[in-house]
Amino acid sequence: MRTRFIQWAIPSRRTVRTSPTSGRPRGRLRPILALTAAALLAVTGCGVGGDDAAATTYADAKSSGRIKVGFANEAPWAYLDENGELTGYAPTVARAVLKRLGIDEVEGVVTDFGGLIDGLRAQNYAFVAAGMFINPERCENSDFAIPDYQVGSAFMVPEGNPRNITRFEDITRENVRVATLGGAVENGYAEQAGVPGNLIEPMAKQDDILRAVDNGDVYGAAILDVTASWLVKNNPGAGLEVTPSFNFSDRPDVGTFNFRLDDDEFREDFNRELRALHESGEWLQLVEPYGLTAANEPDPAMTTESYCTA
């Protein structure tokens, strides 16, 4: 399956910050986006517009075999590798599903995480492959597939975790600033835990979060446990560690793919093939390279409806 990438909106969104804001040594971090400006412009121009443009509706995608998918460039969920190729858990699973539906070419459209659903509603792409959590607010503006994985939250902190931050309440106790991904559930969790707003620093990109923690601009980051483990594993010289995983509520968070409201045929066909991947065991083989394990398989009793209404 051939994959192309285009950038939505302004190119500066994909600029990776490289100038330090403190005296800590640089060059240790593995960048999330390994594209030069020239390479970015080159891939941005591929197949945009005209008869060769990928589809933003299921009907057109079935006809042409090409489809646009929205993602947020957040490893290991959906991101660009060092060659500028769209990869990660969500695109890998999506390709397997789409191939079963006769759609062989995927074109990625990068968008800040907080703008993914707005871009979906604006028909900038046909669906979102970013591993987004199901929650009532998001269900008001998009329709989710069946739960595809379950996961917890964790903190990415300096080695030794000198301030002993393991829960959101600890942020208030220690009066430290913690980064989050803009639009992610951790922002709501911090608010529900009574963390003062000035101690939470939402950031647009995962790369910004990693650099902020590494620089000491913030004490740590509240992110998904799989994400935190991936970042620490791939940046062994950064001097960071991951706290034990936890669930903010009495049940795990679940994530999956999401579609435009009332795009029922696409969602139902996608669900059928996604469910088959889980039942056959192929899903686990697809996601293991991105740090997900059998523990991330959602309980079959979990339903999209229950997470949309709770």
# chains A, B, ... in the order shown; residues from 1 in each chain; ligands from 1
>>> select_by_dssp(residues="stretch 113-265 of chain A", states="strand (DSSP E)", output="MDAnalysis selection string")
chainID A and resid 127:133 143:144 149:151 153:158 178:181 200:203 220:224 240:242 253:259
>>> write_last_selection(atoms="C-alpha atoms", output="compact mmCIF listing (two decimals), in the first residue's frame")
# COMPACT_ATOMS: atom_id res chain seq x y z
CA PHE A 127 -11.56 9.96 9.05
CA VAL A 128 -9.10 10.36 11.92
CA ALA A 129 -6.36 7.82 12.67
CA ALA A 130 -4.72 9.21 15.79
CA GLY A 131 -5.72 6.82 18.56
CA MET A 132 -8.14 9.38 19.99
CA PHE A 133 -9.95 8.58 23.25
CA ASP A 143 -18.78 9.14 15.52
CA PHE A 144 -16.26 6.66 16.90
CA TYR A 149 -7.22 -0.26 22.57
CA GLN A 150 -7.18 0.56 26.27
CA VAL A 151 -4.48 2.54 28.02
CA SER A 153 -1.88 7.79 31.91
CA ALA A 154 1.60 8.35 33.34
CA PHE A 155 4.08 11.14 34.02
CA MET A 156 7.34 11.55 32.17
CA VAL A 157 9.71 13.03 34.75
CA PRO A 158 13.44 13.45 35.48
CA VAL A 178 3.66 20.04 33.98
CA ALA A 179 3.21 19.87 30.21
CA THR A 180 0.28 18.24 28.45
CA LEU A 181 -0.75 17.77 24.84
CA ILE A 200 -0.55 23.03 33.43
CA GLU A 201 1.18 23.92 30.17
CA PRO A 202 -0.69 22.56 27.11
CA MET A 203 1.55 22.26 24.07
CA GLY A 220 7.44 16.76 33.70
CA ALA A 221 4.64 15.81 31.35
CA ALA A 222 1.26 14.14 31.87
CA ILE A 223 0.68 11.92 28.85
CA LEU A 224 -0.40 8.40 27.91
CA LEU A 240 13.95 10.81 31.96
CA GLU A 241 11.77 8.05 33.37
CA VAL A 242 8.11 7.04 33.39
CA ASP A 253 -9.45 5.01 28.76
CA VAL A 254 -10.14 3.55 25.33
CA GLY A 255 -9.15 4.93 21.97
CA THR A 256 -10.02 4.25 18.37
CA PHE A 257 -10.71 5.84 14.97
CA ASN A 258 -13.37 8.46 14.43
CA PHE A 259 -15.63 9.48 11.58
>>> residues_around(residues="A:Glu159", least_positions_apart="5", cutoff="12 Å", atoms="only C-alpha atoms", output="list in words")
Asn164, Ile165, Val213, Asp214, Tyr219, Gly220, Val232, Pro236, Gly237, Ala238, Gly239, Leu240, Glu241, Val242 and Thr243 of chain A
>>> select_by_dssp(residues="stretch 143-201 of chain A", states="alpha helix (DSSP H)", output="PyMOL selection string")
chain A and resi 168-174+185-192
>>> closest_residue(among="A:Arg66, A:Arg138, A:Asn73, A:Asp81", to="A:Val109", atoms="only C-alpha atoms")
A:Asn73
>>> residues_around(residues="A:Asn124", least_positions_apart="4", cutoff="10 Å", atoms="only C-alpha atoms", output="PyMOL selection string")
chain A and resi 8+55-57+68-70+109+111+116-120
>>> closest_residue(among="A:Tyr125, A:Ala90, A:Lys233, A:Ala212", to="A:Asp148", atoms="only C-alpha atoms")
A:Ala90
>>> residues_around(residues="stretch 267-276 of chain A", least_positions_apart="5", cutoff="10 Å", atoms="only C-alpha atoms", output="VMD selection string")
chain A and resid 58 93 to 94 96 to 101 127 143 to 148 257 to 262 281 to 283 300
>>> closest_residue(among="A:Glu107, A:Ser63, A:Glu279, A:Tyr290", to="A:Leu86", atoms="only C-alpha atoms")
A:Glu107
>>> residues_around(residues="A:Tyr189", least_positions_apart="5", cutoff="9 Å", atoms="only C-alpha atoms", output="list of chain:residue names")
A:Phe168, A:Gly194, A:Val195, A:Phe248
>>> closest_residue(among="A:Glu191, A:Asp217, A:Asp250, A:Glu74", to="A:Tyr89", atoms="only C-alpha atoms")
A:Glu74
>>> atom_distance(atom1="atom CA of A:Ile134", atom2="atom CA of A:Thr304")
7.1 Å
>>> atom_distance(atom1="atom CA of A:Ala126", atom2="atom CA of A:Ile67")
6.8 Å
>>> atom_distance(atom1="atom CA of A:Met302", atom2="atom CA of A:Phe266")
20.9 Å
>>> decode(residues="stretch 204-306 of chain A", atoms="C-alpha atoms", output="PDB file, in the first residue's frame")
ATOM      1  CA  ALA A 204       0.663  21.713  20.433  1.00  0.00           C
ATOM      2  CA  LYS A 205       3.238  19.051  19.610  1.00  0.00           C
ATOM      3  CA  GLN A 206       4.792  16.054  21.275  1.00  0.00           C
ATOM      4  CA  ASP A 207       8.240  17.276  20.270  1.00  0.00           C
ATOM      5  CA  ASP A 208       7.655  20.509  22.219  1.00  0.00           C
ATOM      6  CA  ILE A 209       6.686  18.492  25.301  1.00  0.00           C
ATOM      7  CA  LEU A 210       9.793  16.335  25.133  1.00  0.00           C
ATOM      8  CA  ARG A 211      12.080  19.322  24.739  1.00  0.00           C
ATOM      9  CA  ALA A 212      10.369  21.287  27.503  1.00  0.00           C
ATOM     10  CA  VAL A 213      10.887  18.461  29.994  1.00  0.00           C
ATOM     11  CA  ASP A 214      14.441  17.869  28.826  1.00  0.00           C
ATOM     12  CA  ASN A 215      15.256  21.572  29.077  1.00  0.00           C
ATOM     13  CA  GLY A 216      13.728  21.870  32.530  1.00  0.00           C
ATOM     14  CA  ASP A 217      11.172  24.409  31.302  1.00  0.00           C
ATOM     15  CA  VAL A 218       8.568  22.203  33.029  1.00  0.00           C
ATOM     16  CA  TYR A 219       9.091  19.544  35.666  1.00  0.00           C
ATOM     17  CA  GLY A 220       7.441  16.757  33.699  1.00  0.00           C
ATOM     18  CA  ALA A 221       4.642  15.810  31.347  1.00  0.00           C
ATOM     19  CA  ALA A 222       1.263  14.137  31.873  1.00  0.00           C
ATOM     20  CA  ILE A 223       0.681  11.918  28.848  1.00  0.00           C
ATOM     21  CA  LEU A 224      -0.400   8.397  27.913  1.00  0.00           C
ATOM     22  CA  ASP A 225       1.702   5.647  29.464  1.00  0.00           C
ATOM     23  CA  VAL A 226       2.467   4.106  26.054  1.00  0.00           C
ATOM     24  CA  THR A 227       3.567   7.509  24.727  1.00  0.00           C
ATOM     25  CA  ALA A 228       5.763   8.212  27.744  1.00  0.00           C
ATOM     26  CA  SER A 229       7.445   4.811  27.507  1.00  0.00           C
ATOM     27  CA  TRP A 230       8.038   5.275  23.778  1.00  0.00           C
ATOM     28  CA  LEU A 231       9.643   8.689  24.252  1.00  0.00           C
ATOM     29  CA  VAL A 232      11.917   7.557  27.075  1.00  0.00           C
ATOM     30  CA  LYS A 233      12.939   4.403  25.187  1.00  0.00           C
ATOM     31  CA  ASN A 234      13.813   6.377  22.076  1.00  0.00           C
ATOM     32  CA  ASN A 235      15.688   9.105  23.982  1.00  0.00           C
ATOM     33  CA  PRO A 236      17.918   7.096  26.343  1.00  0.00           C
ATOM     34  CA  GLY A 237      20.303  10.007  26.960  1.00  0.00           C
ATOM     35  CA  ALA A 238      17.644  12.450  28.084  1.00  0.00           C
ATOM     36  CA  GLY A 239      17.700  11.394  31.729  1.00  0.00           C
ATOM     37  CA  LEU A 240      13.953  10.806  31.957  1.00  0.00           C
ATOM     38  CA  GLU A 241      11.768   8.053  33.373  1.00  0.00           C
ATOM     39  CA  VAL A 242       8.105   7.038  33.386  1.00  0.00           C
ATOM     40  CA  THR A 243       5.978   6.777  36.516  1.00  0.00           C
ATOM     41  CA  PRO A 244       3.670   3.771  37.041  1.00  0.00           C
ATOM     42  CA  SER A 245       0.587   3.793  34.846  1.00  0.00           C
ATOM     43  CA  PHE A 246      -2.765   4.728  36.379  1.00  0.00           C
ATOM     44  CA  ASN A 247      -6.371   5.317  35.387  1.00  0.00           C
ATOM     45  CA  PHE A 248      -7.942   8.577  36.438  1.00  0.00           C
ATOM     46  CA  SER A 249     -11.403   7.014  36.728  1.00  0.00           C
ATOM     47  CA  ASP A 250     -12.595   3.540  37.692  1.00  0.00           C
ATOM     48  CA  ARG A 251     -12.114   2.196  34.184  1.00  0.00           C
ATOM     49  CA  PRO A 252      -9.370   2.456  31.546  1.00  0.00           C
ATOM     50  CA  ASP A 253      -9.452   5.008  28.762  1.00  0.00           C
ATOM     51  CA  VAL A 254     -10.137   3.546  25.332  1.00  0.00           C
ATOM     52  CA  GLY A 255      -9.152   4.928  21.967  1.00  0.00           C
ATOM     53  CA  THR A 256     -10.016   4.254  18.375  1.00  0.00           C
ATOM     54  CA  PHE A 257     -10.712   5.837  14.969  1.00  0.00           C
ATOM     55  CA  ASN A 258     -13.370   8.465  14.426  1.00  0.00           C
ATOM     56  CA  PHE A 259     -15.627   9.477  11.583  1.00  0.00           C
ATOM     57  CA  ARG A 260     -17.991  12.258  10.631  1.00  0.00           C
ATOM     58  CA  LEU A 261     -21.411  12.204  12.245  1.00  0.00           C
ATOM     59  CA  ASP A 262     -23.851  10.001  10.333  1.00  0.00           C
ATOM     60  CA  ASP A 263     -21.098   8.500   8.157  1.00  0.00           C
ATOM     61  CA  ASP A 264     -22.688   5.199   9.130  1.00  0.00           C
ATOM     62  CA  GLU A 265     -21.762   3.002   6.177  1.00  0.00           C
ATOM     63  CA  PHE A 266     -18.063   3.815   6.478  1.00  0.00           C
ATOM     64  CA  ARG A 267     -18.019   3.359  10.245  1.00  0.00           C
ATOM     65  CA  GLU A 268     -19.940   0.067  10.131  1.00  0.00           C
ATOM     66  CA  ASP A 269     -17.754  -1.393   7.371  1.00  0.00           C
ATOM     67  CA  PHE A 270     -14.641  -0.243   9.224  1.00  0.00           C
ATOM     68  CA  ASN A 271     -15.931  -1.766  12.474  1.00  0.00           C
ATOM     69  CA  ARG A 272     -16.588  -5.113  10.815  1.00  0.00           C
ATOM     70  CA  GLU A 273     -13.026  -5.442   9.552  1.00  0.00           C
ATOM     71  CA  LEU A 274     -11.470  -3.958  12.698  1.00  0.00           C
ATOM     72  CA  ARG A 275     -13.318  -6.500  14.821  1.00  0.00           C
ATOM     73  CA  ALA A 276     -12.032  -9.274  12.536  1.00  0.00           C
ATOM     74  CA  LEU A 277      -8.443  -8.118  13.103  1.00  0.00           C
ATOM     75  CA  HIS A 278      -8.905  -8.441  16.861  1.00  0.00           C
ATOM     76  CA  GLU A 279     -10.620 -11.815  16.654  1.00  0.00           C
ATOM     77  CA  SER A 280      -7.920 -13.300  14.404  1.00  0.00           C
ATOM     78  CA  GLY A 281      -4.991 -12.067  16.518  1.00  0.00           C
ATOM     79  CA  GLU A 282      -3.628 -10.016  13.617  1.00  0.00           C
ATOM     80  CA  TRP A 283      -4.251  -6.761  15.530  1.00  0.00           C
ATOM     81  CA  LEU A 284      -1.693  -7.654  18.192  1.00  0.00           C
ATOM     82  CA  GLN A 285       0.935  -8.490  15.579  1.00  0.00           C
ATOM     83  CA  LEU A 286       0.330  -5.136  13.886  1.00  0.00           C
ATOM     84  CA  VAL A 287       0.615  -2.995  17.033  1.00  0.00           C
ATOM     85  CA  GLU A 288       3.435  -4.675  18.968  1.00  0.00           C
ATOM     86  CA  PRO A 289       6.181  -2.723  17.121  1.00  0.00           C
ATOM     87  CA  TYR A 290       4.649   0.479  18.547  1.00  0.00           C
ATOM     88  CA  GLY A 291       4.739  -0.587  22.183  1.00  0.00           C
ATOM     89  CA  LEU A 292       1.202  -1.930  22.580  1.00  0.00           C
ATOM     90  CA  THR A 293       0.755  -5.404  24.053  1.00  0.00           C
ATOM     91  CA  ALA A 294      -2.006  -7.854  24.889  1.00  0.00           C
ATOM     92  CA  ALA A 295      -2.685  -5.717  27.980  1.00  0.00           C
ATOM     93  CA  ASN A 296      -3.877  -2.969  25.624  1.00  0.00           C
ATOM     94  CA  GLU A 297      -6.571  -5.178  24.072  1.00  0.00           C
ATOM     95  CA  PRO A 298      -9.913  -3.662  25.125  1.00  0.00           C
ATOM     96  CA  ASP A 299     -12.411  -5.783  26.992  1.00  0.00           C
ATOM     97  CA  PRO A 300     -15.041  -6.934  24.454  1.00  0.00           C
ATOM     98  CA  ALA A 301     -17.672  -5.749  26.937  1.00  0.00           C
ATOM     99  CA  MET A 302     -16.518  -2.158  26.453  1.00  0.00           C
ATOM    100  CA  THR A 303     -18.701  -0.303  23.983  1.00  0.00           C
ATOM    101  CA  THR A 304     -18.465   3.007  22.198  1.00  0.00           C
ATOM    102  CA  GLU A 305     -21.920   3.913  23.477  1.00  0.00           C
ATOM    103  CA  SER A 306     -20.956   3.430  27.114  1.00  0.00           C
TER     104      SER A 306
END
